[in-house]
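Coordinates as given in start-v9.cif (mmCIF, C-alpha atoms, pLDDT in the B column; chains and numbers go by the auth columns):
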```cif
data_run
#
loop_
_atom_site.group_PDB
_atom_site.id
_atom_site.type_symbol
_atom_site.label_atom_id
_atom_site.label_comp_id
_atom_site.label_asym_id
_atom_site.label_seq_id
_atom_site.Cartn_x
_atom_site.Cartn_y
_atom_site.Cartn_z
_atom_site.B_iso_or_equiv
_atom_site.auth_seq_id
_atom_site.auth_asym_id
ATOM 1 C CA MET A 1 14.748 292.179 84.916 53.00 1444 A
ATOM 2 C CA LYS A 2 17.561 292.252 87.458 64.00 1445 A
ATOM 3 C CA THR A 3 16.829 293.479 90.913 73.00 1446 A
ATOM 4 C CA ILE A 4 19.158 295.859 92.675 72.00 1447 A
ATOM 5 C CA HIS A 5 20.120 293.074 95.102 74.00 1448 A
ATOM 6 C CA THR A 6 21.103 290.761 92.265 84.00 1449 A
ATOM 7 C CA LEU A 7 23.327 293.446 90.742 83.00 1450 A
ATOM 8 C CA LYS A 8 24.947 294.289 94.084 89.00 1451 A
ATOM 9 C CA THR A 9 25.564 290.598 94.749 90.00 1452 A
ATOM 10 C CA LYS A 10 27.137 290.176 91.319 91.00 1453 A
ATOM 11 C CA LYS A 11 29.406 293.184 91.849 92.00 1454 A
ATOM 12 C CA LEU A 12 30.406 291.952 95.309 94.00 1455 A
ATOM 13 C CA CYS A 13 31.251 288.491 93.943 94.00 1456 A
ATOM 14 C CA ILE A 14 33.395 289.997 91.174 94.00 1457 A
ATOM 15 C CA ALA A 15 35.125 292.211 93.754 95.00 1458 A
ATOM 16 C CA CYS A 16 35.852 289.186 95.973 95.00 1459 A
ATOM 17 C CA ILE A 17 37.320 287.241 93.056 96.00 1460 A
ATOM 18 C CA LEU A 18 39.515 290.194 92.070 95.00 1461 A
ATOM 19 C CA CYS A 19 40.612 290.642 95.687 95.00 1462 A
ATOM 20 C CA ALA A 20 41.599 286.977 95.874 95.00 1463 A
ATOM 21 C CA ALA A 21 43.530 287.363 92.605 94.00 1464 A
ATOM 22 C CA ALA A 22 45.408 290.362 94.046 92.00 1465 A
ATOM 23 C CA VAL A 23 46.344 288.461 97.202 93.00 1466 A
ATOM 24 C CA ALA A 24 47.411 285.350 95.286 93.00 1467 A
ATOM 25 C CA GLY A 25 49.254 287.505 92.761 90.00 1468 A
ATOM 26 C CA SER A 26 51.267 289.154 95.516 85.00 1469 A
ATOM 27 C CA MET A 27 53.278 285.939 95.713 85.00 1470 A
ATOM 28 C CA PHE A 28 54.865 287.240 92.503 82.00 1471 A
ATOM 29 C CA SER A 29 56.558 290.358 93.799 73.00 1472 A
ATOM 30 C CA PHE A 30 60.042 291.762 93.574 74.00 1473 A
ATOM 31 C CA PRO A 31 61.995 294.290 95.639 73.00 1474 A
ATOM 32 C CA VAL A 32 62.851 297.733 94.258 70.00 1475 A
ATOM 33 C CA PHE A 33 64.654 300.193 96.566 69.00 1476 A
ATOM 34 C CA GLY A 34 63.241 298.753 99.789 62.00 1477 A
ATOM 35 C CA SER A 35 59.675 298.404 98.544 64.00 1478 A
ATOM 36 C CA ARG A 36 58.031 295.162 97.497 68.00 1479 A
ATOM 37 C CA CYS A 37 56.550 295.671 94.020 75.00 1480 A
ATOM 38 C CA ALA A 38 53.425 293.638 93.232 78.00 1481 A
ATOM 39 C CA PRO A 39 52.265 294.437 89.677 86.00 1482 A
ATOM 40 C CA VAL A 40 49.337 292.014 89.912 90.00 1483 A
ATOM 41 C CA GLN A 41 47.806 294.298 92.565 88.00 1484 A
ATOM 42 C CA HIS A 42 47.838 297.182 90.090 90.00 1485 A
ATOM 43 C CA MET A 43 46.445 295.006 87.338 93.00 1486 A
ATOM 44 C CA VAL A 44 43.579 294.055 89.652 94.00 1487 A
ATOM 45 C CA ASN A 45 43.101 297.708 90.672 92.00 1488 A
ATOM 46 C CA ILE A 46 42.535 298.638 87.045 94.00 1489 A
ATOM 47 C CA LEU A 47 40.309 295.655 86.255 93.00 1490 A
ATOM 48 C CA CYS A 48 38.170 296.374 89.302 93.00 1491 A
ATOM 49 C CA ALA A 49 37.996 300.118 88.702 91.00 1492 A
ATOM 50 C CA VAL A 50 37.014 299.665 85.047 91.00 1493 A
ATOM 51 C CA ILE A 51 34.547 296.828 85.551 91.00 1494 A
ATOM 52 C CA LEU A 52 33.007 297.827 88.906 93.00 1495 A
ATOM 53 C CA GLY A 53 33.807 301.498 89.454 93.00 1496 A
ATOM 54 C CA PRO A 54 36.061 303.688 91.602 95.00 1497 A
ATOM 55 C CA TRP A 55 34.692 302.816 95.045 95.00 1498 A
ATOM 56 C CA TYR A 56 34.869 299.094 94.439 95.00 1499 A
ATOM 57 C CA GLY A 57 38.403 299.602 93.093 94.00 1500 A
ATOM 58 C CA ALA A 58 39.506 301.432 96.236 95.00 1501 A
ATOM 59 C CA GLY A 59 37.676 298.917 98.446 95.00 1502 A
ATOM 60 C CA VAL A 60 39.316 295.938 96.784 96.00 1503 A
ATOM 61 C CA ALA A 61 42.724 297.662 96.975 94.00 1504 A
ATOM 62 C CA PHE A 62 42.244 298.272 100.708 95.00 1505 A
ATOM 63 C CA THR A 63 40.969 294.753 101.389 96.00 1506 A
ATOM 64 C CA ALA A 64 43.736 293.083 99.387 94.00 1507 A
ATOM 65 C CA SER A 65 46.342 295.247 101.144 91.00 1508 A
ATOM 66 C CA LEU A 66 44.908 294.295 104.533 94.00 1509 A
ATOM 67 C CA ILE A 67 44.890 290.577 103.734 94.00 1510 A
ATOM 68 C CA ARG A 68 48.404 290.770 102.262 89.00 1511 A
ATOM 69 C CA ASN A 69 49.632 292.411 105.476 89.00 1512 A
ATOM 70 C CA ILE A 70 47.880 289.887 107.698 93.00 1513 A
ATOM 71 C CA PHE A 71 49.552 287.008 105.829 91.00 1514 A
ATOM 72 C CA GLY A 72 52.948 288.734 105.621 86.00 1515 A
ATOM 73 C CA LEU A 73 52.781 289.085 101.837 82.00 1516 A
ATOM 74 C CA GLY A 74 53.016 292.868 101.842 77.00 1517 A
ATOM 75 C CA SER A 75 53.999 295.849 103.924 80.00 1518 A
ATOM 76 C CA LEU A 76 52.140 298.914 105.123 82.00 1519 A
ATOM 77 C CA MET A 77 53.265 300.511 101.858 81.00 1520 A
ATOM 78 C CA ALA A 78 50.603 298.393 100.144 81.00 1521 A
ATOM 79 C CA PHE A 79 47.877 300.762 101.376 88.00 1522 A
ATOM 80 C CA PRO A 80 49.031 304.066 99.860 86.00 1523 A
ATOM 81 C CA GLY A 81 50.643 302.134 97.017 82.00 1524 A
ATOM 82 C CA SER A 82 47.361 300.734 95.774 88.00 1525 A
ATOM 83 C CA MET A 83 44.380 302.721 96.981 92.00 1526 A
ATOM 84 C CA PHE A 84 45.150 306.085 95.363 93.00 1527 A
ATOM 85 C CA GLY A 85 45.756 304.524 91.973 93.00 1528 A
ATOM 86 C CA ALA A 86 42.627 302.394 92.088 94.00 1529 A
ATOM 87 C CA LEU A 87 40.427 305.325 93.072 95.00 1530 A
ATOM 88 C CA LEU A 88 41.857 307.707 90.471 95.00 1531 A
ATOM 89 C CA CYS A 89 41.720 305.049 87.770 95.00 1532 A
ATOM 90 C CA GLY A 90 38.072 304.344 88.529 95.00 1533 A
ATOM 91 C CA ILE A 91 37.124 308.015 88.596 96.00 1534 A
ATOM 92 C CA MET A 92 38.906 308.672 85.305 96.00 1535 A
ATOM 93 C CA TYR A 93 37.315 305.675 83.591 94.00 1536 A
ATOM 94 C CA HIS A 94 33.881 306.474 85.021 93.00 1537 A
ATOM 95 C CA LYS A 95 34.090 310.079 83.740 95.00 1538 A
ATOM 96 C CA THR A 96 35.703 309.463 80.330 94.00 1539 A
ATOM 97 C CA LYS A 97 35.308 305.757 79.416 91.00 1540 A
ATOM 98 C CA ASN A 98 38.849 306.126 78.058 92.00 1541 A
ATOM 99 C CA LEU A 99 41.063 303.162 78.988 91.00 1542 A
ATOM 100 C CA PRO A 100 44.458 304.791 78.253 93.00 1543 A
ATOM 101 C CA LEU A 101 43.525 307.757 80.478 95.00 1544 A
ATOM 102 C CA ALA A 102 42.410 305.351 83.202 94.00 1545 A
ATOM 103 C CA LEU A 103 45.759 303.542 82.981 94.00 1546 A
ATOM 104 C CA LEU A 104 47.608 306.854 83.297 95.00 1547 A
ATOM 105 C CA ALA A 105 45.435 307.784 86.281 95.00 1548 A
ATOM 106 C CA GLU A 106 46.425 304.496 87.977 93.00 1549 A
ATOM 107 C CA VAL A 107 50.103 305.237 87.349 94.00 1550 A
ATOM 108 C CA PHE A 108 49.823 308.848 88.576 95.00 1551 A
ATOM 109 C CA GLY A 109 47.713 307.928 91.605 94.00 1552 A
ATOM 110 C CA THR A 110 50.003 305.122 92.671 91.00 1553 A
ATOM 111 C CA ALA A 111 53.432 306.483 91.784 91.00 1554 A
ATOM 112 C CA ILE A 112 52.999 310.149 92.667 92.00 1555 A
ATOM 113 C CA LEU A 113 50.187 310.385 95.236 93.00 1556 A
ATOM 114 C CA GLY A 114 50.773 306.948 96.767 91.00 1557 A
ATOM 115 C CA GLY A 115 54.540 307.411 96.670 86.00 1558 A
ATOM 116 C CA LEU A 116 54.336 310.734 98.482 86.00 1559 A
ATOM 117 C CA CYS A 117 51.815 309.448 101.031 87.00 1560 A
ATOM 118 C CA ALA A 118 54.041 306.460 101.760 84.00 1561 A
ATOM 119 C CA TYR A 119 56.585 308.793 103.374 81.00 1562 A
ATOM 120 C CA PRO A 120 54.490 309.683 106.448 81.00 1563 A
ATOM 121 C CA VAL A 121 53.325 306.060 106.691 80.00 1564 A
ATOM 122 C CA ALA A 122 56.956 304.926 106.797 78.00 1565 A
ATOM 123 C CA ILE A 123 57.858 307.485 109.446 78.00 1566 A
ATOM 124 C CA LEU A 124 54.757 307.320 111.648 77.00 1567 A
ATOM 125 C CA LEU A 125 53.792 303.649 111.418 75.00 1568 A
ATOM 126 C CA MET A 126 56.953 301.809 110.434 73.00 1569 A
ATOM 127 C CA GLY A 127 59.381 303.636 112.703 71.00 1570 A
ATOM 128 C CA LYS A 128 61.668 304.953 109.975 71.00 1571 A
ATOM 129 C CA SER A 129 63.479 308.188 110.731 69.00 1572 A
ATOM 130 C CA ALA A 130 63.071 311.125 108.384 59.00 1573 A
ATOM 131 C CA GLY A 131 66.826 311.082 107.772 56.00 1574 A
ATOM 132 C CA GLU A 132 66.702 307.488 106.497 69.00 1575 A
ATOM 133 C CA ILE A 133 64.418 308.181 103.576 71.00 1576 A
ATOM 134 C CA ALA A 134 63.646 311.077 101.290 66.00 1577 A
ATOM 135 C CA PHE A 135 60.014 312.160 100.957 63.00 1578 A
ATOM 136 C CA TYR A 136 60.028 311.013 97.327 70.00 1579 A
ATOM 137 C CA ALA A 137 61.780 307.684 97.985 77.00 1580 A
ATOM 138 C CA TYR A 138 58.767 305.505 97.194 80.00 1581 A
ATOM 139 C CA ILE A 139 57.860 307.146 93.892 85.00 1582 A
ATOM 140 C CA VAL A 140 60.294 305.077 91.784 85.00 1583 A
ATOM 141 C CA PRO A 141 59.423 301.641 93.211 84.00 1584 A
ATOM 142 C CA PHE A 142 55.706 302.420 93.050 86.00 1585 A
ATOM 143 C CA LEU A 143 56.163 303.627 89.463 89.00 1586 A
ATOM 144 C CA VAL A 144 57.886 300.391 88.457 87.00 1587 A
ATOM 145 C CA SER A 145 55.154 298.288 90.036 86.00 1588 A
ATOM 146 C CA THR A 146 52.188 300.244 88.706 89.00 1589 A
ATOM 147 C CA ALA A 147 53.640 300.615 85.203 91.00 1590 A
ATOM 148 C CA ALA A 148 54.045 296.839 84.941 88.00 1591 A
ATOM 149 C CA GLY A 149 50.522 296.238 86.253 89.00 1592 A
ATOM 150 C CA SER A 150 49.081 298.890 83.940 92.00 1593 A
ATOM 151 C CA VAL A 151 50.672 297.301 80.882 92.00 1594 A
ATOM 152 C CA LEU A 152 49.360 293.870 81.924 91.00 1595 A
ATOM 153 C CA SER A 153 45.823 295.118 82.497 92.00 1596 A
ATOM 154 C CA GLY A 154 45.849 297.249 79.346 90.00 1597 A
ATOM 155 C CA ILE A 155 46.740 294.225 77.252 92.00 1598 A
ATOM 156 C CA LEU A 156 44.185 292.052 79.045 90.00 1599 A
ATOM 157 C CA LEU A 157 41.346 294.585 78.820 88.00 1600 A
ATOM 158 C CA ALA A 158 42.078 295.367 75.166 86.00 1601 A
ATOM 159 C CA ALA A 159 42.060 291.677 74.231 87.00 1602 A
ATOM 160 C CA VAL A 160 38.997 290.775 76.265 84.00 1603 A
ATOM 161 C CA GLY A 161 37.189 293.985 75.309 79.00 1604 A
ATOM 162 C CA LYS A 162 37.222 292.963 71.659 81.00 1605 A
ATOM 163 C CA THR A 163 35.374 289.750 72.490 80.00 1606 A
ATOM 164 C CA GLY A 164 32.613 291.503 74.435 73.00 1607 A
ATOM 165 C CA VAL A 165 32.958 289.001 77.286 65.00 1608 A
ATOM 166 C CA ILE A 166 33.463 291.681 79.945 65.00 1609 A
ATOM 167 C CA LYS A 167 30.681 294.149 80.186 61.00 1610 A
ATOM 168 C CA ARG A 168 30.565 296.677 82.985 52.00 1611 A
ATOM 169 C CA PRO A 169 27.575 296.050 85.282 48.00 1612 A
ATOM 170 C CA ALA A 170 25.157 298.957 85.459 45.00 1613 A
ATOM 171 C CA ASP A 171 25.814 301.380 88.297 43.00 1614 A
#
```

Give the structure from the file, written as structure tokens.
Amino acid sequence: MKTIHTLKTKKLCIACILCAAAVAGSMFSFPVFGSRCAPVQHMVNILCAVILGPWYGAGVAFTASLIRNIFGLGSLMAFPGSMFGALLCGIMYHKTKNLPLALLAEVFGTAILGGLCAYPVAILLMGKSAGEIAFYAYIVPFLVSTAAGSVLSGILLAAVGKTGVIKRPAD
């Protein structure tokens, strides 16, 4: 019988590994309309949200974004661009156990909610003027990034799910 501490330790270790994968994967990014797109971050968001749950997903997204910013591998856009999608993906998967809906929740959370929330971040924290960017300017780059990461994670989870190797730890 597993103790609660053993389960929490296991979940924390998985979260740390996924966070490290997100940071390392950010080396493979590309620019789209002034935003650095990192699809591996979105792939990790989905893996973490599905395997560990919504709060771990959001926590890993925040931690990876912080580390990426500290090392100069990302911008402040990494925060709204990852956390909303991870949280929504985790909530959707937790409620429905439906992977395609979880993938769509990641895309919606990142592209729409994250894209819209990036506007005040750009103005207030990055010193951009409101005239420089439209309030919806980050939706397209976030959509490109999250769609690529969602496809990658969907393929990975579908393939691995058939083997039974990944089982979601009990909540």

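Between CA of Gly1515 (chain A) and CA of Ala1580 (chain A) there is a distance of 22.3 Å.
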
- Query: Can you tell me, as a ChimeraX atom specification, which residues sit within 7 Å of (46.6, 295.7, 96.9) in the file's frame, using only C-alpha atoms?
  - Reply: /A:1465,1484,1504-1505,1507-1508,1521-1522,1525

Run the PyMOL selection byres ((chain A and resi 1506) around 10) mentally over the shown coordinates, then write out the matched residues as a compact mmCIF listing (two decimals) with C-alpha atoms, keeping the file's coordinate frame, using the chain letters and numbers from the document.
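Done, and the output landed in out_36.txt:
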```txt
# COMPACT_ATOMS: atom_id res chain seq x y z
CA ALA A 1458 35.12 292.21 93.75
CA CYS A 1459 35.85 289.19 95.97
CA CYS A 1462 40.61 290.64 95.69
CA ALA A 1463 41.60 286.98 95.87
CA ALA A 1465 45.41 290.36 94.05
CA VAL A 1466 46.34 288.46 97.20
CA GLY A 1500 38.40 299.60 93.09
CA ALA A 1501 39.51 301.43 96.24
CA GLY A 1502 37.68 298.92 98.45
CA VAL A 1503 39.32 295.94 96.78
CA ALA A 1504 42.72 297.66 96.98
CA PHE A 1505 42.24 298.27 100.71
CA ALA A 1507 43.74 293.08 99.39
CA SER A 1508 46.34 295.25 101.14
CA LEU A 1509 44.91 294.30 104.53
CA ILE A 1510 44.89 290.58 103.73
CA ARG A 1511 48.40 290.77 102.26
CA ASN A 1512 49.63 292.41 105.48
CA PHE A 1522 47.88 300.76 101.38
CA MET A 1526 44.38 302.72 96.98
```

- Message: Which residue is closest to Tyr1562 (chain A)? Choose from A:His1448, A:Gly1524, A:Ser1593, A:Leu1544 and count all atoms listed in the file.
- Response: A:Gly1524

- In Å, how far is it from CA of Ile1582 (chain A) to CA of Gly1570 (chain A)? 19.2 Å

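Using only C-alpha atoms, the shortest contact distance between Leu1556 (chain A) and any of A:Leu1530, A:Leu1595, A:Met1535, A:Ala1481 is found at A:Leu1530.
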
Can you list, as a PDB file with C-alpha atoms, keeping the file's coordinate frame, the residues that the PyMOL selection byres ((chain A and resi 1551) around 10) selects here?
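Full text of result-v8.pdb as output:
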```
ATOM      1  CA  PHE A1527      45.150 306.085  95.363  1.00 93.00           C
ATOM      2  CA  GLY A1528      45.756 304.524  91.973  1.00 93.00           C
ATOM      3  CA  LEU A1531      41.857 307.707  90.471  1.00 95.00           C
ATOM      4  CA  CYS A1532      41.720 305.049  87.770  1.00 95.00           C
ATOM      5  CA  ALA A1545      42.410 305.351  83.202  1.00 94.00           C
ATOM      6  CA  LEU A1546      45.759 303.542  82.981  1.00 94.00           C
ATOM      7  CA  LEU A1547      47.608 306.854  83.297  1.00 95.00           C
ATOM      8  CA  ALA A1548      45.435 307.784  86.281  1.00 95.00           C
ATOM      9  CA  GLU A1549      46.425 304.496  87.977  1.00 93.00           C
ATOM     10  CA  VAL A1550      50.103 305.237  87.349  1.00 94.00           C
ATOM     11  CA  GLY A1552      47.713 307.928  91.605  1.00 94.00           C
ATOM     12  CA  THR A1553      50.003 305.122  92.671  1.00 91.00           C
ATOM     13  CA  ALA A1554      53.432 306.483  91.784  1.00 91.00           C
ATOM     14  CA  ILE A1555      52.999 310.149  92.667  1.00 92.00           C
ATOM     15  CA  LEU A1556      50.187 310.385  95.236  1.00 93.00           C
ATOM     16  CA  GLY A1557      50.773 306.948  96.767  1.00 91.00           C
ATOM     17  CA  GLY A1558      54.540 307.411  96.670  1.00 86.00           C
ATOM     18  CA  ILE A1582      57.860 307.146  93.892  1.00 85.00           C
ATOM     19  CA  PHE A1585      55.706 302.420  93.050  1.00 86.00           C
ATOM     20  CA  LEU A1586      56.163 303.627  89.463  1.00 89.00           C
ATOM     21  CA  THR A1589      52.188 300.244  88.706  1.00 89.00           C
ATOM     22  CA  ALA A1590      53.640 300.615  85.203  1.00 91.00           C
TER      23      ALA A1590
END
```

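For the structure shown here, the set of residues caught by the PyMOL selection byres ((chain A and resi 1474) around 12) is Ser1469, Phe1471, Ser1472, Phe1473, Val1475, Phe1476, Gly1477, Ser1478, Arg1479, Cys1480, Ala1481, Pro1482, Gly1517, Ser1518, Tyr1581, Val1583, Pro1584, Phe1585, Val1587 and Ser1588 of chain A.
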
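CA of His1485 (chain A) to CA of Gly1604 (chain A) spans 18.5 Å [interatomic distance, one decimal].
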
- Name the residues in contact with Ile1598 (chain A) at a cut-off of 12 Å, using all atoms listed in the file, excluding same-chain residues fewer than 2 positions from it; report them as a PyMOL selection string. chain A and resi 1486+1489-1490+1542-1543+1546+1591-1596+1600-1605

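Between Met1520 (chain A) and the candidates A:Leu1461, A:Gly1597, A:Pro1497, A:Cys1560, the tightest atom-to-atom separation, counting all atoms listed in the file, involves A:Cys1560.
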
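With distances restricted to all atoms listed in the file, A:Cys1456 is the closest residue to Cys1491 (chain A) from A:Ile1576, A:Ile1447, A:Leu1567, A:Cys1456.
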
Quick one: axis-aligned box around all listed atoms of region 1529-1541 of chain A, 4 Å on every side, centre and edge lengths in Å to one decimal, written as AutoDock Vina command-line options.
```
--center_x 38.3 --center_y 306.2 --center_z 85.6 --size_x 16.7 --size_y 15.7 --size_z 23.0
```
